[in-house]
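Chemist: I'm passing along my_file.pdb; it holds PDB, C-alpha atoms.
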ATOM      1  CA  MET A   1     148.508 112.505  84.863  1.00  0.00           C
ATOM      2  CA  ASN A   2     147.163 114.341  87.833  1.00  0.00           C
ATOM      3  CA  TYR A   3     143.564 115.252  88.584  1.00  0.00           C
ATOM      4  CA  SER A   4     143.716 118.828  87.262  1.00  0.00           C
ATOM      5  CA  SER A   5     145.204 117.839  83.902  1.00  0.00           C
ATOM      6  CA  ASP A   6     142.550 115.107  83.530  1.00  0.00           C
ATOM      7  CA  LYS A   7     139.830 117.687  84.249  1.00  0.00           C
ATOM      8  CA  THR A   8     141.400 120.111  81.767  1.00  0.00           C
ATOM      9  CA  ARG A   9     141.509 117.389  79.122  1.00  0.00           C
ATOM     10  CA  GLN A  10     137.860 116.576  79.783  1.00  0.00           C
ATOM     11  CA  TYR A  11     136.828 120.248  79.475  1.00  0.00           C
ATOM     12  CA  ILE A  12     138.723 120.543  76.194  1.00  0.00           C
ATOM     13  CA  TYR A  13     136.933 117.444  74.914  1.00  0.00           C
ATOM     14  CA  ILE A  14     133.545 118.879  75.982  1.00  0.00           C
ATOM     15  CA  SER A  15     134.399 122.184  74.275  1.00  0.00           C
ATOM     16  CA  LEU A  16     135.367 120.435  71.049  1.00  0.00           C
ATOM     17  CA  LEU A  17     132.172 118.380  71.052  1.00  0.00           C
ATOM     18  CA  CYS A  18     130.129 121.503  71.762  1.00  0.00           C
ATOM     19  CA  ALA A  19     131.773 123.409  68.900  1.00  0.00           C
ATOM     20  CA  GLN A  20     131.202 120.503  66.528  1.00  0.00           C
ATOM     21  CA  GLY A  21     127.568 120.217  67.598  1.00  0.00           C
ATOM     22  CA  VAL A  22     126.941 123.937  67.131  1.00  0.00           C
ATOM     23  CA  ILE A  23     128.553 123.934  63.680  1.00  0.00           C
ATOM     24  CA  ILE A  24     126.624 120.838  62.587  1.00  0.00           C
ATOM     25  CA  GLY A  25     123.397 122.362  63.920  1.00  0.00           C
ATOM     26  CA  LEU A  26     123.943 125.669  62.135  1.00  0.00           C
ATOM     27  CA  ILE A  27     124.845 123.966  58.863  1.00  0.00           C
ATOM     28  CA  GLU A  28     121.805 121.724  59.146  1.00  0.00           C
ATOM     29  CA  ARG A  29     119.557 124.783  59.547  1.00  0.00           C
ATOM     30  CA  MET A  30     120.835 126.063  56.190  1.00  0.00           C
ATOM     31  CA  ILE A  31     119.876 122.851  54.396  1.00  0.00           C
ATOM     32  CA  PRO A  32     116.375 122.951  52.882  1.00  0.00           C
ATOM     33  CA  PHE A  33     113.894 120.585  54.496  1.00  0.00           C
ATOM     34  CA  PRO A  34     114.385 117.182  52.860  1.00  0.00           C
ATOM     35  CA  PHE A  35     110.864 115.984  53.690  1.00  0.00           C
ATOM     36  CA  ALA A  36     108.237 117.866  51.665  1.00  0.00           C
ATOM     37  CA  PHE A  37     105.403 115.917  53.334  1.00  0.00           C
ATOM     38  CA  ALA A  38     106.632 116.883  56.823  1.00  0.00           C
ATOM     39  CA  PRO A  39     107.391 120.608  57.090  1.00  0.00           C
ATOM     40  CA  GLY A  40     109.923 121.381  59.792  1.00  0.00           C
ATOM     41  CA  ALA A  41     111.360 117.875  59.922  1.00  0.00           C
ATOM     42  CA  LYS A  42     115.138 117.597  59.833  1.00  0.00           C
ATOM     43  CA  LEU A  43     117.729 114.887  60.200  1.00  0.00           C
ATOM     44  CA  GLY A  44     119.066 115.989  63.584  1.00  0.00           C
ATOM     45  CA  LEU A  45     122.708 115.372  62.712  1.00  0.00           C
ATOM     46  CA  ALA A  46     123.881 117.404  65.721  1.00  0.00           C
ATOM     47  CA  ASN A  47     122.454 114.594  67.858  1.00  0.00           C
ATOM     48  CA  ILE A  48     125.520 112.575  66.864  1.00  0.00           C
ATOM     49  CA  ILE A  49     127.313 114.737  69.422  1.00  0.00           C
ATOM     50  CA  THR A  50     124.700 113.929  72.078  1.00  0.00           C
ATOM     51  CA  ILE A  51     125.143 110.196  71.470  1.00  0.00           C
ATOM     52  CA  LEU A  52     128.933 110.563  71.641  1.00  0.00           C
ATOM     53  CA  SER A  53     128.623 112.422  74.946  1.00  0.00           C
ATOM     54  CA  LEU A  54     126.286 109.827  76.452  1.00  0.00           C
ATOM     55  CA  TYR A  55     128.856 107.135  75.740  1.00  0.00           C
ATOM     56  CA  THR A  56     132.056 109.018  76.585  1.00  0.00           C
ATOM     57  CA  LEU A  57     131.242 111.462  79.381  1.00  0.00           C
ATOM     58  CA  PRO A  58     129.814 111.302  82.890  1.00  0.00           C
ATOM     59  CA  VAL A  59     126.116 112.209  83.080  1.00  0.00           C
ATOM     60  CA  SER A  60     126.672 115.719  84.459  1.00  0.00           C
ATOM     61  CA  GLU A  61     129.133 116.644  81.709  1.00  0.00           C
ATOM     62  CA  SER A  62     126.891 115.134  79.034  1.00  0.00           C
ATOM     63  CA  PHE A  63     124.017 117.283  80.303  1.00  0.00           C
ATOM     64  CA  LEU A  64     126.275 120.357  80.381  1.00  0.00           C
ATOM     65  CA  LEU A  65     127.298 119.703  76.787  1.00  0.00           C
ATOM     66  CA  MET A  66     123.692 119.323  75.653  1.00  0.00           C
ATOM     67  CA  MET A  67     122.713 122.602  77.341  1.00  0.00           C
ATOM     68  CA  MET A  68     125.711 124.537  76.002  1.00  0.00           C
ATOM     69  CA  ARG A  69     125.088 123.266  72.478  1.00  0.00           C
ATOM     70  CA  LEU A  70     121.406 124.156  72.721  1.00  0.00           C
ATOM     71  CA  ILE A  71     122.014 127.686  74.023  1.00  0.00           C
ATOM     72  CA  LEU A  72     124.833 128.500  71.598  1.00  0.00           C
ATOM     73  CA  THR A  73     122.979 127.165  68.569  1.00  0.00           C
ATOM     74  CA  SER A  74     119.884 129.157  69.533  1.00  0.00           C
ATOM     75  CA  LEU A  75     121.888 132.343  70.115  1.00  0.00           C
ATOM     76  CA  LEU A  76     123.779 132.030  66.840  1.00  0.00           C
ATOM     77  CA  GLY A  77     120.981 130.968  64.558  1.00  0.00           C
ATOM     78  CA  GLY A  78     117.605 130.897  66.206  1.00  0.00           C
ATOM     79  CA  THR A  79     114.842 132.724  67.989  1.00  0.00           C
ATOM     80  CA  MET A  80     113.181 132.358  71.367  1.00  0.00           C
ATOM     81  CA  SER A  81     110.574 130.033  69.896  1.00  0.00           C
ATOM     82  CA  THR A  82     113.228 127.791  68.325  1.00  0.00           C
ATOM     83  CA  PHE A  83     114.953 127.721  71.699  1.00  0.00           C
ATOM     84  CA  LEU A  84     111.735 126.593  73.420  1.00  0.00           C
ATOM     85  CA  TYR A  85     111.082 123.867  70.849  1.00  0.00           C
ATOM     86  CA  SER A  86     114.697 122.721  70.866  1.00  0.00           C
ATOM     87  CA  ALA A  87     114.968 122.781  74.661  1.00  0.00           C
ATOM     88  CA  ALA A  88     111.878 120.619  75.102  1.00  0.00           C
ATOM     89  CA  GLY A  89     112.944 118.202  72.395  1.00  0.00           C
ATOM     90  CA  ALA A  90     116.590 118.000  73.416  1.00  0.00           C
ATOM     91  CA  GLY A  91     115.816 117.686  77.122  1.00  0.00           C
ATOM     92  CA  LEU A  92     113.249 114.921  76.717  1.00  0.00           C
ATOM     93  CA  SER A  93     115.412 113.139  74.155  1.00  0.00           C
ATOM     94  CA  TRP A  94     118.510 113.306  76.368  1.00  0.00           C
ATOM     95  CA  ILE A  95     116.662 112.013  79.459  1.00  0.00           C
ATOM     96  CA  GLY A  96     115.018 109.226  77.464  1.00  0.00           C
ATOM     97  CA  MET A  97     118.258 108.129  75.801  1.00  0.00           C
ATOM     98  CA  LEU A  98     120.063 108.178  79.140  1.00  0.00           C
ATOM     99  CA  LEU A  99     117.383 105.997  80.757  1.00  0.00           C
ATOM    100  CA  ILE A 100     117.254 103.571  77.833  1.00  0.00           C
ATOM    101  CA  LYS A 101     121.064 103.358  77.805  1.00  0.00           C
ATOM    102  CA  GLN A 102     120.886 102.109  81.413  1.00  0.00           C
ATOM    103  CA  LEU A 103     119.330  98.891  80.076  1.00  0.00           C
ATOM    104  CA  GLY A 104     122.766  97.990  78.732  1.00  0.00           C
ATOM    105  CA  ASN A 105     124.256  97.068  75.370  1.00  0.00           C
ATOM    106  CA  LYS A 106     122.853  93.548  75.612  1.00  0.00           C
ATOM    107  CA  HIS A 107     119.279  94.886  75.439  1.00  0.00           C
ATOM    108  CA  VAL A 108     119.459  98.064  73.360  1.00  0.00           C
ATOM    109  CA  SER A 109     122.039  99.083  70.785  1.00  0.00           C
ATOM    110  CA  MET A 110     123.357 102.568  70.176  1.00  0.00           C
ATOM    111  CA  ILE A 111     121.165 102.677  67.073  1.00  0.00           C
ATOM    112  CA  GLY A 112     118.052 101.798  69.113  1.00  0.00           C
ATOM    113  CA  ILE A 113     118.880 104.444  71.701  1.00  0.00           C
ATOM    114  CA  SER A 114     119.297 107.012  68.947  1.00  0.00           C
ATOM    115  CA  ALA A 115     115.988 106.019  67.294  1.00  0.00           C
ATOM    116  CA  ALA A 116     114.208 106.436  70.649  1.00  0.00           C
ATOM    117  CA  GLY A 117     115.874 109.828  70.999  1.00  0.00           C
ATOM    118  CA  GLY A 118     114.530 110.843  67.589  1.00  0.00           C
ATOM    119  CA  ILE A 119     110.969 110.022  68.627  1.00  0.00           C
ATOM    120  CA  LEU A 120     111.300 111.685  72.045  1.00  0.00           C
ATOM    121  CA  PHE A 121     112.692 114.843  70.466  1.00  0.00           C
ATOM    122  CA  ASN A 122     109.532 115.109  68.372  1.00  0.00           C
ATOM    123  CA  VAL A 123     107.316 114.421  71.406  1.00  0.00           C
ATOM    124  CA  GLY A 124     109.002 117.282  73.271  1.00  0.00           C
ATOM    125  CA  GLN A 125     108.658 119.679  70.376  1.00  0.00           C
ATOM    126  CA  LEU A 126     105.018 118.821  69.738  1.00  0.00           C
ATOM    127  CA  THR A 127     104.225 119.189  73.434  1.00  0.00           C
ATOM    128  CA  VAL A 128     105.560 122.743  73.364  1.00  0.00           C
ATOM    129  CA  ALA A 129     103.716 123.420  70.097  1.00  0.00           C
ATOM    130  CA  SER A 130     100.480 122.164  71.680  1.00  0.00           C
ATOM    131  CA  TRP A 131     101.043 124.351  74.721  1.00  0.00           C
ATOM    132  CA  ILE A 132     101.747 127.439  72.575  1.00  0.00           C
ATOM    133  CA  ALA A 133      98.787 126.748  70.252  1.00  0.00           C
ATOM    134  CA  GLY A 134      96.509 125.962  73.188  1.00  0.00           C
ATOM    135  CA  SER A 135      95.296 122.827  71.435  1.00  0.00           C
ATOM    136  CA  TRP A 136      96.290 119.186  71.517  1.00  0.00           C
ATOM    137  CA  THR A 137      95.341 118.735  67.847  1.00  0.00           C
ATOM    138  CA  VAL A 138      98.970 119.513  67.008  1.00  0.00           C
ATOM    139  CA  MET A 139      99.702 116.009  68.284  1.00  0.00           C
ATOM    140  CA  LEU A 140      97.963 114.615  65.185  1.00  0.00           C
ATOM    141  CA  TYR A 141     101.256 115.358  63.455  1.00  0.00           C
ATOM    142  CA  MET A 142     102.960 112.799  65.736  1.00  0.00           C
ATOM    143  CA  PRO A 143     102.679 109.698  63.476  1.00  0.00           C
ATOM    144  CA  VAL A 144     104.428 111.451  60.589  1.00  0.00           C
ATOM    145  CA  LEU A 145     107.135 112.927  62.823  1.00  0.00           C
ATOM    146  CA  SER A 146     107.582 109.610  64.660  1.00  0.00           C
ATOM    147  CA  PHE A 147     108.280 107.804  61.412  1.00  0.00           C
ATOM    148  CA  ILE A 148     110.784 110.458  60.350  1.00  0.00           C
ATOM    149  CA  GLY A 149     112.255 110.546  63.869  1.00  0.00           C
ATOM    150  CA  ILE A 150     112.850 106.802  63.808  1.00  0.00           C
ATOM    151  CA  LEU A 151     114.545 106.976  60.398  1.00  0.00           C
ATOM    152  CA  ALA A 152     116.661 109.980  61.386  1.00  0.00           C
ATOM    153  CA  GLY A 153     117.526 108.360  64.732  1.00  0.00           C
ATOM    154  CA  ILE A 154     118.634 105.183  62.990  1.00  0.00           C
ATOM    155  CA  ALA A 155     120.831 107.221  60.618  1.00  0.00           C
ATOM    156  CA  VAL A 156     122.361 109.170  63.514  1.00  0.00           C
ATOM    157  CA  GLY A 157     122.898 105.934  65.476  1.00  0.00           C
ATOM    158  CA  ILE A 158     124.621 104.270  62.522  1.00  0.00           C
ATOM    159  CA  ILE A 159     126.937 107.274  62.123  1.00  0.00           C
ATOM    160  CA  ALA A 160     127.747 107.349  65.861  1.00  0.00           C
ATOM    161  CA  ASN A 161     128.335 103.592  65.877  1.00  0.00           C
ATOM    162  CA  PHE A 162     130.637 103.951  62.865  1.00  0.00           C
ATOM    163  CA  LEU A 163     132.593 106.691  64.631  1.00  0.00           C
ATOM    164  CA  PHE A 164     133.067 104.548  67.740  1.00  0.00           C
ATOM    165  CA  GLU A 165     134.306 101.638  65.649  1.00  0.00           C
ATOM    166  CA  HIS A 166     136.657 103.644  63.435  1.00  0.00           C
ATOM    167  CA  VAL A 167     137.952 106.512  65.582  1.00  0.00           C
ATOM    168  CA  ALA A 168     140.370 105.079  68.108  1.00  0.00           C
ATOM    169  CA  THR A 169     140.207 108.098  70.426  1.00  0.00           C
ATOM    170  CA  LEU A 170     136.436 107.734  70.854  1.00  0.00           C
ATOM    171  CA  SER A 171     136.761 104.037  71.613  1.00  0.00           C
ATOM    172  CA  ARG A 172     139.320 104.813  74.313  1.00  0.00           C
ATOM    173  CA  LEU A 173     137.256 107.667  75.771  1.00  0.00           C
ATOM    174  CA  ARG A 174     134.183 105.462  75.844  1.00  0.00           C
ATOM    175  CA  PHE A 175     135.686 103.547  78.742  1.00  0.00           C
ATOM    176  CA  GLU A 176     138.142 106.082  80.167  1.00  0.00           C
ATOM    177  CA  PHE A 177     135.569 108.473  81.684  1.00  0.00           C
ATOM    178  CA  LYS A 178     133.511 105.637  83.187  1.00  0.00           C
ATOM    179  CA  GLN A 179     136.065 104.999  85.920  1.00  0.00           C
ATOM    180  CA  PRO A 180     136.159 107.628  88.692  1.00  0.00           C
ATOM    181  CA  LYS A 181     139.567 109.276  88.866  1.00  0.00           C
ATOM    182  CA  LYS A 182     141.522 109.321  92.079  1.00  0.00           C
ATOM    183  CA  ARG A 183     142.972 112.650  93.112  1.00  0.00           C
ATOM    184  CA  THR A 184     146.739 112.740  93.175  1.00  0.00           C
ATOM    185  CA  GLN A 185     148.964 115.526  94.362  1.00  0.00           C
ATOM    186  CA  ALA A 186     151.255 116.992  91.718  1.00  0.00           C
TER     187      ALA A 186
END
Show me this structure written as structure tokens.

Modeler:
Amino acid sequence: MNYSSDKTRQYIYISLLCAQGVIIGLIERMIPFPFAFAPGAKLGLANIITILSLYTLPVSESFLLMMMRLILTSLLGGTMSTFLYSAAGAGLSWIGMLLIKQLGNKHVSMIGISAAGGILFNVGQLTVASWIAGSWTVMLYMPVLSFIGILAGIAVGIIANFLFEHVATLSRLRFEFKQPKKRTQA
């Protein structure tokens, strides 16, 4: 394959992941909150796509995917405030998971990275909520959301791990995009 067909294949893969993430996110918004003691908490199933991108795409494309998914999901089923909360949570979560992933598989598993992402997502959202409310007392909600974020992150990590073990294409892509491609003339 030449360079342009590899790039095209990569863009198609990013588009498919983005579409899946948007659909999962929109469906998840329709599900009633499963945690009565924590209003607003959700499982974050669309973060499966973020984990998949962190393990199968270069950093720039993973970031692009996260931003596209965030913008499309907000445009299709959200408001400006949901965009602000989601952007802060997704951005902080993505940066944190990327940094923790750099420690390597010997030190942190995919499940651990996902659990950290769940906590960081909540930190980002509560930071924006504190800024909007003009009070840091919103952060008192952090222990409850951290517990739920850890549980949801573990669930998302288990699902992503399962997908990598049982979907051959993902296993191949996990290592294929890590190697820089050499340009060849067609």

Chemist: Record the distance separating CA of Ala41 in chain A and CA of Ser74 in chain A, expressed in Å with one decimal.

Modeler: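 Between CA of Ala41 in chain A and CA of Ser74 in chain A the gap works out to 17.1 Å.
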
Chemist: What are the centre and edge lengths in Å, to one decimal, of the axis-aligned box around all listed atoms of range 64-74 of chain A with 6 Å added on each side, as lines of an AutoDock Vina configuration file?

Modeler:
center_x = 123.6
center_y = 124.2
center_z = 74.5
size_x = 19.4
size_y = 21.8
size_z = 23.8

Chemist: For a quick check of understanding, using only C-alpha atoms, which of A:Ile150, A:Asp6, A:Ala168, A:Ile27 has the smallest distance to Leu76 in chain A?

Modeler: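 Comparing A:Ile150, A:Asp6, A:Ala168, A:Ile27 against Leu76 in chain A, the winner is A:Ile27.
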
Chemist: Just give me the gap between CA of Ser53 in chain A and CA of Thr79 in chain A in Å, one decimal is fine.

Modeler: 25.5 Å

Chemist: Spell out the residues picked by the PyMOL selection byres ((chain A and resi 152) around 10) here, as a list in words.

Modeler: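 Applying the PyMOL selection byres ((chain A and resi 152) around 10) to the structure shown produces Ala41, Lys42, Leu43, Gly44, Leu45, Asn47, Ser114, Ala115, Gly117, Gly118, Ile119, Ser146, Phe147, Ile148, Gly149, Ile150, Leu151, Gly153, Ile154, Ala155, Val156, Gly157 and Ile158 of chain A.
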
Chemist: Near Leu52 in chain A, within 10 Å and counting all atoms listed in the file, which residues show up once chain neighbours fewer than 3 positions away are dropped, as a compact mmCIF listing (two decimals) with C-alpha atoms, in the frame of the given file?

Modeler:
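Output below, filename around04.txt:
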# COMPACT_ATOMS: atom_id res chain seq x y z
CA LEU A 17 132.17 118.38 71.05
CA ASN A 47 122.45 114.59 67.86
CA ILE A 48 125.52 112.58 66.86
CA ILE A 49 127.31 114.74 69.42
CA TYR A 55 128.86 107.14 75.74
CA THR A 56 132.06 109.02 76.58
CA LEU A 57 131.24 111.46 79.38
CA SER A 62 126.89 115.13 79.03
CA MET A 110 123.36 102.57 70.18
CA GLY A 157 122.90 105.93 65.48
CA ALA A 160 127.75 107.35 65.86
CA ASN A 161 128.34 103.59 65.88
CA LEU A 163 132.59 106.69 64.63
CA PHE A 164 133.07 104.55 67.74
CA LEU A 170 136.44 107.73 70.85
CA LEU A 173 137.26 107.67 75.77
CA ARG A 174 134.18 105.46 75.84

Chemist: Can you pull out every residue within 9 Å of Leu65 in chain A, counting all atoms listed in the file, but drop anything in the same chain fewer than 4 positions away, and send it as a JSON list (two decimals) with C-alpha atoms, in the frame of the given file?

Modeler:
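This is the output file result-v2.json:
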[["chain", "number", "residue", "atom", "x", "y", "z"],
["A", 14, "ILE", "CA", 133.54, 118.88, 75.98],
["A", 15, "SER", "CA", 134.40, 122.18, 74.28],
["A", 17, "LEU", "CA", 132.17, 118.38, 71.05],
["A", 18, "CYS", "CA", 130.13, 121.50, 71.76],
["A", 49, "ILE", "CA", 127.31, 114.74, 69.42],
["A", 50, "THR", "CA", 124.70, 113.93, 72.08],
["A", 53, "SER", "CA", 128.62, 112.42, 74.95],
["A", 60, "SER", "CA", 126.67, 115.72, 84.46],
["A", 61, "GLU", "CA", 129.13, 116.64, 81.71],
["A", 69, "ARG", "CA", 125.09, 123.27, 72.48],
["A", 70, "LEU", "CA", 121.41, 124.16, 72.72]]

Chemist: Record the distance separating CA of Leu26 in chain A and CA of Arg9 in chain A, expressed in Å with one decimal.

Modeler: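 CA of Arg9 in chain A lies 25.8 Å from CA of Leu26 in chain A.
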
Chemist: If you count all atoms listed in the file, which residues fall within 8 Å of Leu92 in chain A, apart from same-chain ones fewer than 2 positions away, as JSON, numbers by chain?

Modeler: {"A": [88, 89, 90, 94, 95, 96, 120, 121, 123, 124]}

Chemist: Could you check the closest approach to Thr73 in chain A for each of A:Val22, A:Val108, A:Ile159, A:Val59 and tell me which residue wins, using only C-alpha atoms?

Modeler: A:Val22

Chemist: Please write as a PyMOL selection string the full residue list that the PyMOL selection byres ((chain A and resi 84) around 12) yields on this file.

Modeler: chain A and resi 70-71+74+78-83+85-91+124-129+131-132

Chemist: Counting all atoms listed in the file, which of A:Ile113, A:Ala19, A:Met30, A:Leu103 gets nearest to Leu54 in chain A?

Modeler: A:Ile113

Chemist: Using all atoms listed in the file, which of the listed residues (A:Ser135, A:Leu140, A:Ile31, A:Thr169) sits closest to Tyr13 in chain A?

Modeler: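 For Tyr13 in chain A, the nearest of the candidates is A:Thr169.
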
Chemist: What does range 5-15 of chain A look like written to a file with all heavy atoms, as a short mmCIF file (atom, residue, chain, number, x, y, z; two decimals), in the first residue's frame?

Modeler:
data_model
loop_
_atom_site.label_atom_id
_atom_site.label_comp_id
_atom_site.auth_asym_id
_atom_site.auth_seq_id
_atom_site.Cartn_x
_atom_site.Cartn_y
_atom_site.Cartn_z
N SER A 5 -3.11 5.74 0.39
CA SER A 5 -4.14 4.76 0.74
C SER A 5 -4.07 4.42 2.23
O SER A 5 -5.11 4.14 2.84
CB SER A 5 -4.02 3.50 -0.11
OG SER A 5 -2.81 2.83 0.14
N ASP A 6 -2.88 4.44 2.83
CA ASP A 6 -2.78 4.24 4.28
C ASP A 6 -3.46 5.38 5.03
O ASP A 6 -4.16 5.16 6.02
CB ASP A 6 -1.31 4.17 4.72
CG ASP A 6 -0.66 2.83 4.39
OD1 ASP A 6 -1.41 1.88 4.06
OD2 ASP A 6 0.57 2.75 4.45
N LYS A 7 -3.25 6.62 4.57
CA LYS A 7 -3.87 7.78 5.19
C LYS A 7 -5.40 7.71 5.04
O LYS A 7 -6.13 8.01 5.98
CB LYS A 7 -3.37 9.06 4.52
CG LYS A 7 -2.42 9.94 5.26
CD LYS A 7 -2.47 9.87 6.72
CE LYS A 7 -1.92 11.11 7.34
NZ LYS A 7 -1.84 11.01 8.78
N THR A 8 -5.85 7.32 3.86
CA THR A 8 -7.29 7.18 3.63
C THR A 8 -7.88 6.14 4.57
O THR A 8 -8.94 6.36 5.16
CB THR A 8 -7.57 6.79 2.16
OG1 THR A 8 -6.99 7.78 1.30
CG2 THR A 8 -9.06 6.67 1.89
N ARG A 9 -7.21 5.02 4.69
CA ARG A 9 -7.67 3.96 5.60
C ARG A 9 -7.73 4.46 7.03
O ARG A 9 -8.67 4.17 7.77
CB ARG A 9 -6.71 2.77 5.50
CG ARG A 9 -7.41 1.45 5.51
CD ARG A 9 -6.46 0.31 5.26
NE ARG A 9 -6.05 -0.15 6.57
CZ ARG A 9 -4.83 -0.54 6.89
NH1 ARG A 9 -3.89 -0.53 6.00
NH2 ARG A 9 -4.55 -0.95 8.09
N GLN A 10 -6.75 5.24 7.43
CA GLN A 10 -6.72 5.78 8.79
C GLN A 10 -7.87 6.77 9.00
O GLN A 10 -8.51 6.75 10.05
CB GLN A 10 -5.38 6.47 9.04
CG GLN A 10 -5.17 6.85 10.48
CD GLN A 10 -3.73 7.27 10.74
OE1 GLN A 10 -2.85 7.10 9.91
NE2 GLN A 10 -3.50 7.82 11.91
N TYR A 11 -8.15 7.61 8.02
CA TYR A 11 -9.26 8.56 8.14
C TYR A 11 -10.61 7.84 8.19
O TYR A 11 -11.52 8.27 8.91
CB TYR A 11 -9.25 9.59 7.02
CG TYR A 11 -8.14 10.60 7.15
CD1 TYR A 11 -7.43 11.06 6.05
CD2 TYR A 11 -7.78 11.11 8.40
CE1 TYR A 11 -6.41 11.98 6.17
CE2 TYR A 11 -6.76 12.04 8.54
CZ TYR A 11 -6.08 12.46 7.42
OH TYR A 11 -5.07 13.38 7.56
N ILE A 12 -10.75 6.78 7.44
CA ILE A 12 -11.98 5.98 7.50
C ILE A 12 -12.13 5.37 8.88
O ILE A 12 -13.22 5.39 9.47
CB ILE A 12 -11.99 4.90 6.39
CG1 ILE A 12 -12.13 5.55 5.03
CG2 ILE A 12 -13.10 3.88 6.64
CD1 ILE A 12 -11.91 4.61 3.86
N TYR A 13 -11.05 4.85 9.44
CA TYR A 13 -11.08 4.27 10.78
C TYR A 13 -11.47 5.34 11.82
O TYR A 13 -12.32 5.10 12.68
CB TYR A 13 -9.72 3.66 11.10
CG TYR A 13 -9.59 3.10 12.49
CD1 TYR A 13 -10.35 2.01 12.89
CD2 TYR A 13 -8.71 3.66 13.41
CE1 TYR A 13 -10.24 1.49 14.18
CE2 TYR A 13 -8.59 3.15 14.69
CZ TYR A 13 -9.36 2.07 15.06
OH TYR A 13 -9.24 1.56 16.33
N ILE A 14 -10.88 6.53 11.72
CA ILE A 14 -11.21 7.62 12.64
C ILE A 14 -12.69 7.99 12.49
O ILE A 14 -13.38 8.20 13.50
CB ILE A 14 -10.31 8.85 12.38
CG1 ILE A 14 -8.86 8.54 12.78
CG2 ILE A 14 -10.82 10.08 13.13
CD1 ILE A 14 -7.86 9.57 12.32
N SER A 15 -13.18 8.05 11.27
CA SER A 15 -14.58 8.40 11.03
C SER A 15 -15.52 7.36 11.63
O SER A 15 -16.54 7.70 12.23
CB SER A 15 -14.86 8.52 9.53
OG SER A 15 -14.06 9.51 8.97
#
